[in-house]
file final-v2.cif (mmCIF, C-alpha atoms and all ligand atoms)
data_work
loop_
_atom_site.label_atom_id
_atom_site.label_comp_id
_atom_site.auth_asym_id
_atom_site.auth_seq_id
_atom_site.Cartn_x
_atom_site.Cartn_y
_atom_site.Cartn_z
CA MET A 1 -80.42 1.45 148.37
CA PRO A 2 -79.70 0.41 151.97
CA ASP A 3 -77.98 -2.92 152.57
CA PRO A 4 -80.35 -5.82 151.94
CA ARG A 5 -82.18 -7.20 154.98
CA LYS A 6 -80.76 -10.59 155.99
CA ILE A 7 -83.48 -13.22 156.33
CA ILE A 8 -83.86 -16.94 156.99
CA ILE A 9 -87.02 -18.46 155.50
CA ASP A 10 -88.46 -21.44 157.43
CA THR A 11 -91.02 -23.19 155.29
CA ASP A 12 -93.15 -26.24 154.41
CA PRO A 13 -93.75 -25.83 150.64
CA GLY A 14 -96.75 -25.83 149.83
CA GLN A 15 -97.94 -23.71 146.91
CA ASP A 16 -98.30 -20.51 148.93
CA ASP A 17 -94.86 -21.02 150.48
CA ALA A 18 -93.51 -21.38 146.94
CA VAL A 19 -94.91 -18.00 145.90
CA ALA A 20 -93.41 -16.41 149.02
CA ILE A 21 -89.98 -17.89 148.25
CA LEU A 22 -90.13 -16.72 144.62
CA VAL A 23 -90.94 -13.16 145.72
CA ALA A 24 -88.16 -13.18 148.34
CA LEU A 25 -85.57 -14.41 145.82
CA ALA A 26 -86.73 -11.78 143.31
CA SER A 27 -86.34 -8.90 145.79
CA PRO A 28 -82.93 -7.17 146.05
CA GLU A 29 -84.06 -5.61 149.35
CA LEU A 30 -83.72 -9.09 150.88
CA ASP A 31 -80.68 -11.31 151.36
CA VAL A 32 -81.91 -14.90 151.80
CA LEU A 33 -79.18 -16.46 153.95
CA GLY A 34 -80.83 -19.86 153.83
CA ILE A 35 -84.09 -21.73 153.53
CA THR A 36 -84.91 -24.22 156.29
CA ALA A 37 -87.53 -26.87 155.55
CA VAL A 38 -89.90 -28.25 158.16
CA ALA A 39 -92.58 -30.97 158.05
CA GLY A 40 -96.05 -29.50 157.64
CA ASN A 41 -98.12 -29.41 154.48
CA VAL A 42 -96.31 -32.59 153.43
CA PRO A 43 -93.56 -34.65 155.11
CA LEU A 44 -90.04 -33.22 155.43
CA GLU A 45 -88.51 -35.19 152.55
CA LEU A 46 -91.00 -33.44 150.25
CA THR A 47 -90.80 -29.95 151.78
CA GLN A 48 -87.00 -29.89 151.44
CA LEU A 49 -87.28 -31.22 147.86
CA ASN A 50 -89.94 -28.63 147.00
CA ALA A 51 -87.86 -25.79 148.43
CA ARG A 52 -85.03 -26.79 146.09
CA LYS A 53 -87.37 -27.01 143.09
CA ILE A 54 -88.55 -23.45 143.78
CA CYS A 55 -85.01 -22.10 144.19
CA GLU A 56 -84.10 -23.55 140.79
CA LEU A 57 -87.28 -22.15 139.23
CA ALA A 58 -86.18 -18.75 140.57
CA GLY A 59 -82.78 -19.24 138.92
CA ARG A 60 -81.13 -19.39 142.33
CA PRO A 61 -79.58 -22.87 142.71
CA ASP A 62 -76.94 -21.13 144.89
CA THR A 63 -79.50 -20.78 147.70
CA LYS A 64 -78.72 -22.99 150.69
CA VAL A 65 -81.61 -25.32 151.59
CA PHE A 66 -81.52 -27.23 154.90
CA ALA A 67 -83.75 -30.04 156.17
CA GLY A 68 -85.07 -29.60 159.71
CA ALA A 69 -87.65 -31.28 161.91
CA ALA A 70 -89.57 -34.24 160.50
CA GLN A 71 -92.00 -34.25 163.43
CA PRO A 72 -93.58 -31.66 165.75
CA ILE A 73 -92.03 -31.35 169.21
CA ASN A 74 -94.44 -33.69 170.94
CA ARG A 75 -97.41 -34.30 168.68
CA LYS A 76 -98.00 -36.63 165.77
CA LEU A 77 -97.46 -34.89 162.44
CA VAL A 78 -100.63 -33.73 160.68
CA THR A 79 -100.18 -32.98 156.97
CA ALA A 80 -102.41 -31.31 154.33
CA GLU A 81 -102.16 -33.28 151.09
CA HIS A 82 -105.90 -32.72 150.60
CA VAL A 83 -105.06 -29.03 150.12
CA HIS A 84 -101.60 -29.10 148.51
CA GLY A 85 -101.70 -32.45 146.70
CA ARG A 86 -99.55 -35.53 147.27
CA THR A 87 -96.33 -33.75 146.25
CA GLY A 88 -97.11 -30.57 148.17
CA LEU A 89 -96.61 -28.62 144.93
CA ASP A 90 -99.35 -30.11 142.76
CA GLY A 91 -100.34 -28.02 139.76
CA PRO A 92 -97.25 -27.45 137.57
CA THR A 93 -94.72 -30.05 136.46
CA LEU A 94 -91.36 -29.10 137.95
CA PRO A 95 -88.14 -30.99 137.16
CA PRO A 96 -86.27 -32.79 139.93
CA PRO A 97 -83.71 -30.35 141.34
CA GLN A 98 -79.99 -30.57 140.54
CA MET A 99 -79.03 -28.65 143.69
CA LEU A 100 -78.43 -30.75 146.81
CA VAL A 101 -79.87 -30.26 150.26
CA GLN A 102 -77.24 -29.07 152.76
CA SER A 103 -75.83 -31.73 155.08
CA LYS A 104 -76.15 -29.50 158.17
CA HIS A 105 -79.42 -29.77 160.12
CA ALA A 106 -81.67 -26.73 159.75
CA VAL A 107 -81.75 -26.09 163.49
CA ASP A 108 -77.94 -26.01 163.63
CA PHE A 109 -77.89 -23.64 160.65
CA ILE A 110 -80.34 -21.29 162.38
CA VAL A 111 -78.40 -21.32 165.68
CA GLU A 112 -74.93 -21.00 164.13
CA THR A 113 -75.94 -18.26 161.68
CA ILE A 114 -77.63 -16.14 164.34
CA MET A 115 -74.85 -16.62 166.89
CA ALA A 116 -72.25 -15.63 164.27
CA SER A 117 -74.17 -12.49 163.26
CA ASP A 118 -74.35 -9.12 164.93
CA PRO A 119 -77.36 -8.75 167.26
CA GLY A 120 -80.36 -7.43 165.38
CA GLU A 121 -79.03 -8.43 161.98
CA ILE A 122 -81.25 -11.39 161.04
CA THR A 123 -85.01 -11.67 160.55
CA ILE A 124 -86.76 -15.06 160.53
CA CYS A 125 -89.66 -15.52 158.09
CA ALA A 126 -91.73 -18.49 159.30
CA LEU A 127 -94.15 -19.91 156.75
CA GLY A 128 -94.97 -23.26 158.35
CA PRO A 129 -95.20 -25.00 161.73
CA LEU A 130 -92.74 -23.39 164.17
CA THR A 131 -90.90 -26.59 165.12
CA ASN A 132 -87.46 -25.61 163.74
CA ILE A 133 -87.60 -22.17 165.35
CA ALA A 134 -88.64 -23.56 168.75
CA LEU A 135 -85.95 -26.27 168.65
CA ALA A 136 -83.34 -23.59 167.83
CA LEU A 137 -84.51 -21.51 170.80
CA GLN A 138 -84.28 -24.59 173.06
CA LYS A 139 -80.82 -25.48 171.71
CA GLU A 140 -79.40 -21.97 172.15
CA PRO A 141 -81.65 -19.55 174.13
CA GLN A 142 -79.16 -16.76 173.42
CA ILE A 143 -80.53 -16.42 169.89
CA ALA A 144 -83.71 -14.84 171.28
CA LYS A 145 -81.89 -11.59 172.05
CA ARG A 146 -80.10 -11.56 168.70
CA ILE A 147 -83.01 -12.06 166.27
CA THR A 148 -84.35 -8.76 164.85
CA GLU A 149 -87.91 -10.00 164.35
CA ILE A 150 -89.85 -13.14 163.55
CA VAL A 151 -92.52 -12.55 160.91
CA LEU A 152 -94.82 -15.55 160.78
CA MET A 153 -97.92 -16.71 158.97
CA GLY A 154 -100.13 -18.42 161.53
CA GLY A 155 -103.13 -18.24 163.78
CA GLY A 156 -106.50 -16.63 163.42
CA PHE A 157 -109.02 -14.97 165.68
CA PHE A 158 -112.00 -13.28 164.02
CA GLU A 159 -111.73 -15.85 161.20
CA GLY A 160 -111.50 -18.83 163.56
CA GLY A 161 -109.45 -21.78 162.36
CA ASN A 162 -108.93 -23.62 159.07
CA VAL A 163 -107.90 -27.07 160.31
CA THR A 164 -110.24 -27.14 163.33
CA PRO A 165 -112.93 -24.61 164.22
CA ALA A 166 -110.43 -23.04 166.64
CA ALA A 167 -106.98 -23.45 165.08
CA GLU A 168 -105.02 -22.46 161.97
CA PHE A 169 -102.84 -25.20 160.42
CA ASN A 170 -99.29 -23.90 161.16
CA ILE A 171 -100.05 -23.40 164.85
CA TYR A 172 -102.18 -26.56 165.13
CA VAL A 173 -99.43 -28.84 163.79
CA ASP A 174 -97.06 -27.81 166.57
CA PRO A 175 -98.79 -25.81 169.34
CA GLN A 176 -95.94 -26.40 171.81
CA ALA A 177 -93.46 -24.89 169.34
CA ALA A 178 -95.78 -21.93 168.79
CA ALA A 179 -96.05 -21.37 172.56
CA ILE A 180 -92.25 -21.32 172.83
CA VAL A 181 -92.03 -18.72 170.05
CA PHE A 182 -94.88 -16.54 171.37
CA ASN A 183 -93.35 -16.59 174.88
CA SER A 184 -89.79 -15.93 173.65
CA GLY A 185 -89.86 -12.15 174.00
CA ILE A 186 -88.69 -11.82 170.38
CA LYS A 187 -90.35 -9.07 168.33
CA LEU A 188 -93.18 -10.92 166.53
CA THR A 189 -95.28 -9.87 163.56
CA VAL A 190 -98.15 -12.27 162.92
CA MET A 191 -100.01 -12.70 159.62
CA PRO A 192 -103.13 -14.66 160.72
CA LEU A 193 -106.09 -15.86 158.71
CA ASP A 194 -107.75 -12.54 159.60
CA VAL A 195 -105.56 -10.82 157.03
CA THR A 196 -104.76 -13.68 154.64
CA HIS A 197 -108.46 -14.30 154.04
CA LYS A 198 -108.57 -10.78 152.55
CA ALA A 199 -105.86 -11.68 149.99
CA LEU A 200 -107.85 -13.74 147.50
CA THR A 201 -106.39 -15.24 144.32
CA THR A 202 -109.19 -13.99 142.08
CA ARG A 203 -109.19 -15.16 138.46
CA THR A 204 -107.92 -11.76 137.28
CA ARG A 205 -105.00 -11.93 139.69
CA VAL A 206 -104.05 -15.49 138.71
CA GLU A 207 -104.16 -14.53 135.01
CA ALA A 208 -101.88 -11.57 135.77
CA PHE A 209 -99.24 -14.07 136.96
CA ARG A 210 -99.75 -16.16 133.81
CA ALA A 211 -99.25 -13.04 131.71
CA THR A 212 -95.83 -12.11 133.16
CA GLY A 213 -94.18 -13.82 130.17
CA ASN A 214 -91.74 -15.89 132.22
CA ARG A 215 -91.74 -19.45 133.52
CA ALA A 216 -91.95 -18.31 137.15
CA GLY A 217 -95.18 -16.44 136.42
CA GLU A 218 -96.63 -19.37 134.48
CA VAL A 219 -95.77 -21.81 137.30
CA THR A 220 -97.21 -19.43 139.89
CA ALA A 221 -100.51 -19.39 137.98
CA GLU A 222 -100.49 -23.20 137.77
CA LEU A 223 -99.71 -23.49 141.50
CA LEU A 224 -102.60 -21.17 142.36
CA ASP A 225 -105.00 -22.84 139.91
CA PHE A 226 -104.49 -26.01 141.96
CA PHE A 227 -104.14 -24.45 145.44
CA GLU A 228 -107.24 -22.26 145.33
CA ARG A 229 -109.72 -24.99 144.37
CA TYR A 230 -109.99 -26.36 147.95
CA ASP A 231 -110.70 -22.98 149.57
CA GLU A 232 -112.97 -21.74 146.76
CA THR A 233 -115.23 -24.72 147.44
CA LYS A 234 -114.94 -24.29 151.21
CA TYR A 235 -115.56 -20.54 151.34
CA GLY A 236 -117.56 -20.06 148.15
CA THR A 237 -115.30 -17.20 147.04
CA ASP A 238 -113.67 -16.13 143.76
CA GLY A 239 -110.20 -17.38 144.55
CA GLY A 240 -108.69 -18.67 147.76
CA PRO A 241 -106.65 -16.93 150.46
CA LEU A 242 -102.95 -16.53 149.65
CA HIS A 243 -101.29 -16.89 153.05
CA ASP A 244 -97.48 -17.08 153.15
CA PRO A 245 -96.41 -14.30 150.73
CA ASN A 246 -97.80 -11.78 153.26
CA VAL A 247 -94.76 -12.54 155.42
CA ILE A 248 -92.39 -11.43 152.65
CA VAL A 249 -94.46 -8.45 151.50
CA TRP A 250 -94.50 -7.19 155.11
CA LEU A 251 -90.73 -6.76 154.76
CA LEU A 252 -91.08 -4.97 151.42
CA GLU A 253 -94.05 -2.65 152.06
CA PRO A 254 -95.25 -2.87 155.69
CA ASN A 255 -97.45 0.20 155.21
CA ILE A 256 -100.00 -1.81 153.19
CA TYR A 257 -100.88 -3.63 156.42
CA ALA A 258 -102.79 -2.64 159.58
CA GLY A 259 -102.96 -4.36 162.94
CA ARG A 260 -102.51 -4.01 166.67
CA GLN A 261 -99.81 -4.78 169.23
CA ILE A 262 -101.67 -7.25 171.46
CA ASN A 263 -101.30 -10.35 173.59
CA VAL A 264 -101.66 -13.73 171.90
CA GLU A 265 -101.46 -16.98 173.85
CA ILE A 266 -101.48 -20.47 172.38
CA GLU A 267 -103.82 -23.22 173.57
CA THR A 268 -101.67 -26.27 174.37
CA SER A 269 -103.95 -28.24 176.77
CA SER A 270 -107.50 -28.68 175.51
CA GLU A 271 -107.87 -30.97 172.46
CA LEU A 272 -111.06 -29.06 171.59
CA THR A 273 -109.16 -25.78 171.11
CA MET A 274 -105.62 -27.14 170.65
CA GLY A 275 -103.47 -24.65 168.74
CA MET A 276 -105.93 -21.78 169.06
CA THR A 277 -104.34 -18.31 169.02
CA VAL A 278 -106.18 -16.59 171.86
CA ALA A 279 -105.84 -13.00 170.67
CA ASP A 280 -106.66 -10.26 173.19
CA TRP A 281 -107.67 -7.82 170.41
CA TRP A 282 -109.85 -5.74 172.80
CA ARG A 283 -107.17 -5.75 175.51
CA VAL A 284 -109.49 -7.16 178.19
CA SER A 285 -106.63 -8.96 179.96
CA ASP A 286 -103.48 -7.59 181.52
CA ARG A 287 -101.32 -10.08 179.65
CA PRO A 288 -98.30 -8.49 177.93
CA ALA A 289 -98.67 -7.45 174.30
CA ASN A 290 -96.24 -9.93 172.70
CA CYS A 291 -96.96 -9.50 168.98
CA PHE A 292 -98.17 -7.22 166.21
CA PHE A 293 -101.31 -9.01 165.01
CA VAL A 294 -102.21 -7.98 161.45
CA ARG A 295 -105.87 -7.74 160.46
CA ASP A 296 -106.04 -5.71 157.24
CA LEU A 297 -104.13 -5.11 154.01
CA ASP A 298 -104.35 -3.30 150.69
CA ASP A 299 -104.98 -6.48 148.68
CA GLU A 300 -104.72 -4.76 145.28
CA ARG A 301 -101.24 -3.45 146.14
CA PHE A 302 -100.31 -6.87 147.61
CA PHE A 303 -100.95 -8.65 144.33
CA GLN A 304 -99.31 -5.85 142.32
CA ILE A 305 -96.12 -6.38 144.34
CA LEU A 306 -96.25 -10.17 143.90
CA THR A 307 -96.76 -9.95 140.15
CA GLU A 308 -94.15 -7.23 139.63
CA ARG A 309 -91.52 -9.17 141.59
CA ILE A 310 -92.21 -12.55 139.99
CA LYS A 311 -92.03 -10.86 136.57
CA ARG A 312 -88.38 -10.05 137.35
CA LEU A 313 -87.33 -13.73 137.60
O1 LIG A 401 -103.00 -22.14 157.29
C1 LIG A 401 -102.22 -21.75 156.19
C2 LIG A 401 -100.79 -22.15 156.39
O2 LIG A 401 -100.71 -23.57 156.49
C3 LIG A 401 -99.89 -21.77 155.20
O3 LIG A 401 -98.58 -21.56 155.66
C4 LIG A 401 -99.93 -23.00 154.34
O4 LIG A 401 -98.75 -23.14 153.54
C5 LIG A 401 -99.95 -24.09 155.38
O5 LIG A 401 -98.61 -24.31 155.81
CA CA A 402 -96.72 -22.80 154.66
#

call {"tool": "encode", "arguments": {"input": "final-v2.cif", "output": "structure tokens", "more": "lines below"}}
Ligand code: RIB
Ligand code: CA
result
Amino acid sequence: MPDPRKIIIDTDPGQDDAVAILVALASPELDVLGITAVAGNVPLELTQLNARKICELAGRPDTKVFAGAAQPINRKLVTAEHVHGRTGLDGPTLPPPQMLVQSKHAVDFIVETIMASDPGEITICALGPLTNIALALQKEPQIAKRITEIVLMGGGFFEGGNVTPAAEFNIYVDPQAAAIVFNSGIKLTVMPLDVTHKALTTRTRVEAFRATGNRAGEVTAELLDFFERYDETKYGTDGGPLHDPNVIVWLLEPNIYAGRQINVEIETSSELTMGMTVADWWRVSDRPANCFFVRDLDDERFFQILTERIKRL
């Protein structure tokens, strides 16, 4: 097997973030150099706590967890307790973590790790608002040339938005940060609502997690039992969209996805469309194609991978 791919996971756990982290820690193809928490679904003190709870659930208390930005770059924080619950990980009962959060700031960890690595060695997996990543780019612009790829869950075009009619939550929380990332010139792979809405946590799929026979599978089922209720009601579907694990599965089996290399710009002026990902899917503008925008997946294979990996923990 080739050397594991070095990744940094930036995250705002969040039930779907938690599943993504479990899969990453269960996959020998990936070397998780660190997990950087950002404010998003719930405030920073909870996202960094939740990241540590998930690392311990995965049997990986050795994982380094860093706390990052508590606020977006220049907007008031918007959180999503109505979706994720007050704790951000409502559903299962998870013990308080023994492992400590690192004393170094997440942005410093990102900058120092990338600057100390060989160019093209590190991939960033962004599962929440892009505040930490944007602050790292502002602190040390040199990292832009050294990052292999940023794979991010965010945005939406054909599916519209989920927090406003125009905007998806991760981009909406910090549109200025998203604009910095989308204009950075870094190789970007985007997992928008257009693909995550095709990855539904049907009852059969949730029960497959519960049947893995380990605590991680049982907790995953309990996380999804809670997480899916909001979207099932909203969309009237069997199960809700499972967003963030698509970022990790892209690294494991990219060929289950389909998309296009297109231009995406971020709305940062109009409050009506603030945080909208304006995706030039039909290439009607001459704006540069700055990201691979994913629209389809093999959802059966996606859930097979998730279940098989979580079963290993
Ligand atoms: O819009 C879905 C995204 O917002 C996911 O990353 C979810 O965890 C929330 O952060
Ligand atoms: Ca998230």

call {"tool": "residues_around", "arguments": {"input": "final-v2.cif", "residues": "region 222-235 of chain A", "least_positions_apart": "2", "cutoff": "12 Å", "atoms": "only C-alpha atoms", "output": "number ranges by chain"}}
result
A: 13-19, 41, 54, 80-94, 159, 162-163, 197, 199-211, 215-220, 237-243

call {"tool": "closest_residue", "arguments": {"input": "final-v2.cif", "among": "A:Ala178, A:Leu313, A:Leu25, A:Leu152", "to": "ligand CA 402 (chain A)", "atoms": "all atoms listed in the file"}}
result
A:Leu152

call {"tool": "closest_residue", "arguments": {"input": "final-v2.cif", "among": "A:Val278, A:Leu127, A:Val173, A:Met99", "to": "ligand LIG 401 (chain A)", "atoms": "only C-alpha atoms and all ligand atoms"}}
result
A:Leu127

call {"tool": "closest_residue", "arguments": {"input": "final-v2.cif", "among": "A:Ile180, A:Leu33, A:Val294, A:Ile9", "to": "Ile256 (chain A)", "atoms": "all atoms listed in the file"}}
result
A:Val294

call {"tool": "residues_around", "arguments": {"input": "final-v2.cif", "residues": "Lys145 (chain A)", "least_positions_apart": "5", "cutoff": "9 Å", "atoms": "all atoms listed in the file", "output": "list in words"}}
result
Pro119, Gly120, Gly185 and Ile186 of chain A

call {"tool": "atom_distance", "arguments": {"input": "final-v2.cif", "atom1": "CA of Gly259 (chain A)", "atom2": "CA of Arg295 (chain A)"}}
result
5.1 Å

call {"tool": "residues_around", "arguments": {"input": "final-v2.cif", "residues": "Asp12 (chain A)", "least_positions_apart": "6", "cutoff": "9 Å", "atoms": "only C-alpha atoms", "output": "list in words"}}
result
Ala18, Thr36, Ala37, Val38, Ala39, Gly40, Asn41, Val42, Pro43, Leu44, Leu46, Thr47, Gln48, Asn50, Ala51, Gly88, Leu127, Gly128 and Pro129 of chain A

call {"tool": "atom_distance", "arguments": {"input": "final-v2.cif", "atom1": "CA of Asp280 (chain A)", "atom2": "CA of Asn263 (chain A)"}}
result
5.4 Å

call {"tool": "closest_residue", "arguments": {"input": "final-v2.cif", "among": "A:Asp118, A:Asp3, A:Asp10, A:Asp174", "to": "Gln71 (chain A)", "atoms": "all atoms listed in the file"}}
result
A:Asp174

call {"tool": "closest_residue", "arguments": {"input": "final-v2.cif", "among": "A:Glu168, A:Glu267, A:Glu253, A:Asp286", "to": "ligand CA 402 (chain A)", "atoms": "all atoms listed in the file"}}
result
A:Glu168

call {"tool": "decode", "arguments": {"input": "final-v2.cif", "residues": "region 21-31 of chain A", "atoms": "all heavy atoms", "output": "compact mmCIF listing (two decimals), in the first residue's frame"}}
result
# COMPACT_ATOMS: atom_id res chain seq x y z
N ILE A 21 -15.12 12.03 10.69
CA ILE A 21 -13.90 11.84 11.49
C ILE A 21 -13.70 10.37 11.83
O ILE A 21 -12.58 9.84 11.71
CB ILE A 21 -13.97 12.70 12.78
CG1 ILE A 21 -13.93 14.19 12.43
CG2 ILE A 21 -12.83 12.35 13.73
CD1 ILE A 21 -14.31 15.11 13.59
N LEU A 22 -14.77 9.67 12.19
CA LEU A 22 -14.67 8.23 12.48
C LEU A 22 -14.13 7.48 11.27
O LEU A 22 -13.21 6.65 11.39
CB LEU A 22 -16.03 7.66 12.88
CG LEU A 22 -16.59 8.06 14.24
CD1 LEU A 22 -18.01 7.52 14.41
CD2 LEU A 22 -15.68 7.58 15.39
N VAL A 23 -14.66 7.79 10.08
CA VAL A 23 -14.22 7.08 8.87
C VAL A 23 -12.76 7.38 8.58
O VAL A 23 -11.97 6.49 8.23
CB VAL A 23 -15.11 7.45 7.67
CG1 VAL A 23 -14.58 6.87 6.36
CG2 VAL A 23 -16.54 6.96 7.91
N ALA A 24 -12.37 8.65 8.75
CA ALA A 24 -10.97 9.03 8.48
C ALA A 24 -10.02 8.28 9.42
O ALA A 24 -9.00 7.73 9.00
CB ALA A 24 -10.81 10.54 8.65
N LEU A 25 -10.38 8.22 10.71
CA LEU A 25 -9.51 7.57 11.69
C LEU A 25 -9.50 6.05 11.52
O LEU A 25 -8.58 5.38 11.98
CB LEU A 25 -9.94 7.95 13.12
CG LEU A 25 -9.74 9.42 13.49
CD1 LEU A 25 -10.27 9.70 14.90
CD2 LEU A 25 -8.26 9.82 13.39
N ALA A 26 -10.50 5.53 10.82
CA ALA A 26 -10.57 4.07 10.60
C ALA A 26 -9.86 3.65 9.31
O ALA A 26 -9.83 2.46 8.98
CB ALA A 26 -12.03 3.62 10.54
N SER A 27 -9.35 4.64 8.56
CA SER A 27 -8.83 4.35 7.21
C SER A 27 -7.31 4.45 7.17
O SER A 27 -6.75 5.56 7.26
CB SER A 27 -9.47 5.32 6.19
OG SER A 27 -10.87 5.13 6.19
N PRO A 28 -6.62 3.33 6.98
CA PRO A 28 -5.14 3.34 6.96
C PRO A 28 -4.57 4.10 5.76
O PRO A 28 -3.39 4.43 5.74
CB PRO A 28 -4.78 1.85 6.90
CG PRO A 28 -5.98 1.16 6.39
CD PRO A 28 -7.17 1.97 6.83
N GLU A 29 -5.42 4.36 4.76
CA GLU A 29 -4.95 5.16 3.60
C GLU A 29 -4.71 6.61 3.97
O GLU A 29 -4.14 7.37 3.20
CB GLU A 29 -5.99 5.12 2.47
CG GLU A 29 -6.38 3.74 1.98
CD GLU A 29 -7.59 3.16 2.70
OE1 GLU A 29 -7.77 3.43 3.90
OE2 GLU A 29 -8.34 2.43 2.04
N LEU A 30 -5.22 7.00 5.17
CA LEU A 30 -5.13 8.41 5.57
C LEU A 30 -4.32 8.55 6.85
O LEU A 30 -4.44 7.73 7.77
CB LEU A 30 -6.55 8.98 5.79
CG LEU A 30 -7.51 8.85 4.59
CD1 LEU A 30 -8.91 9.33 4.97
CD2 LEU A 30 -6.98 9.62 3.39
N ASP A 31 -3.51 9.60 6.90
CA ASP A 31 -2.75 9.93 8.11
C ASP A 31 -3.27 11.28 8.61
O ASP A 31 -2.97 12.32 8.01
CB ASP A 31 -1.25 10.01 7.76
CG ASP A 31 -0.41 10.43 8.96
OD1 ASP A 31 -0.95 10.54 10.08
OD2 ASP A 31 0.81 10.66 8.76
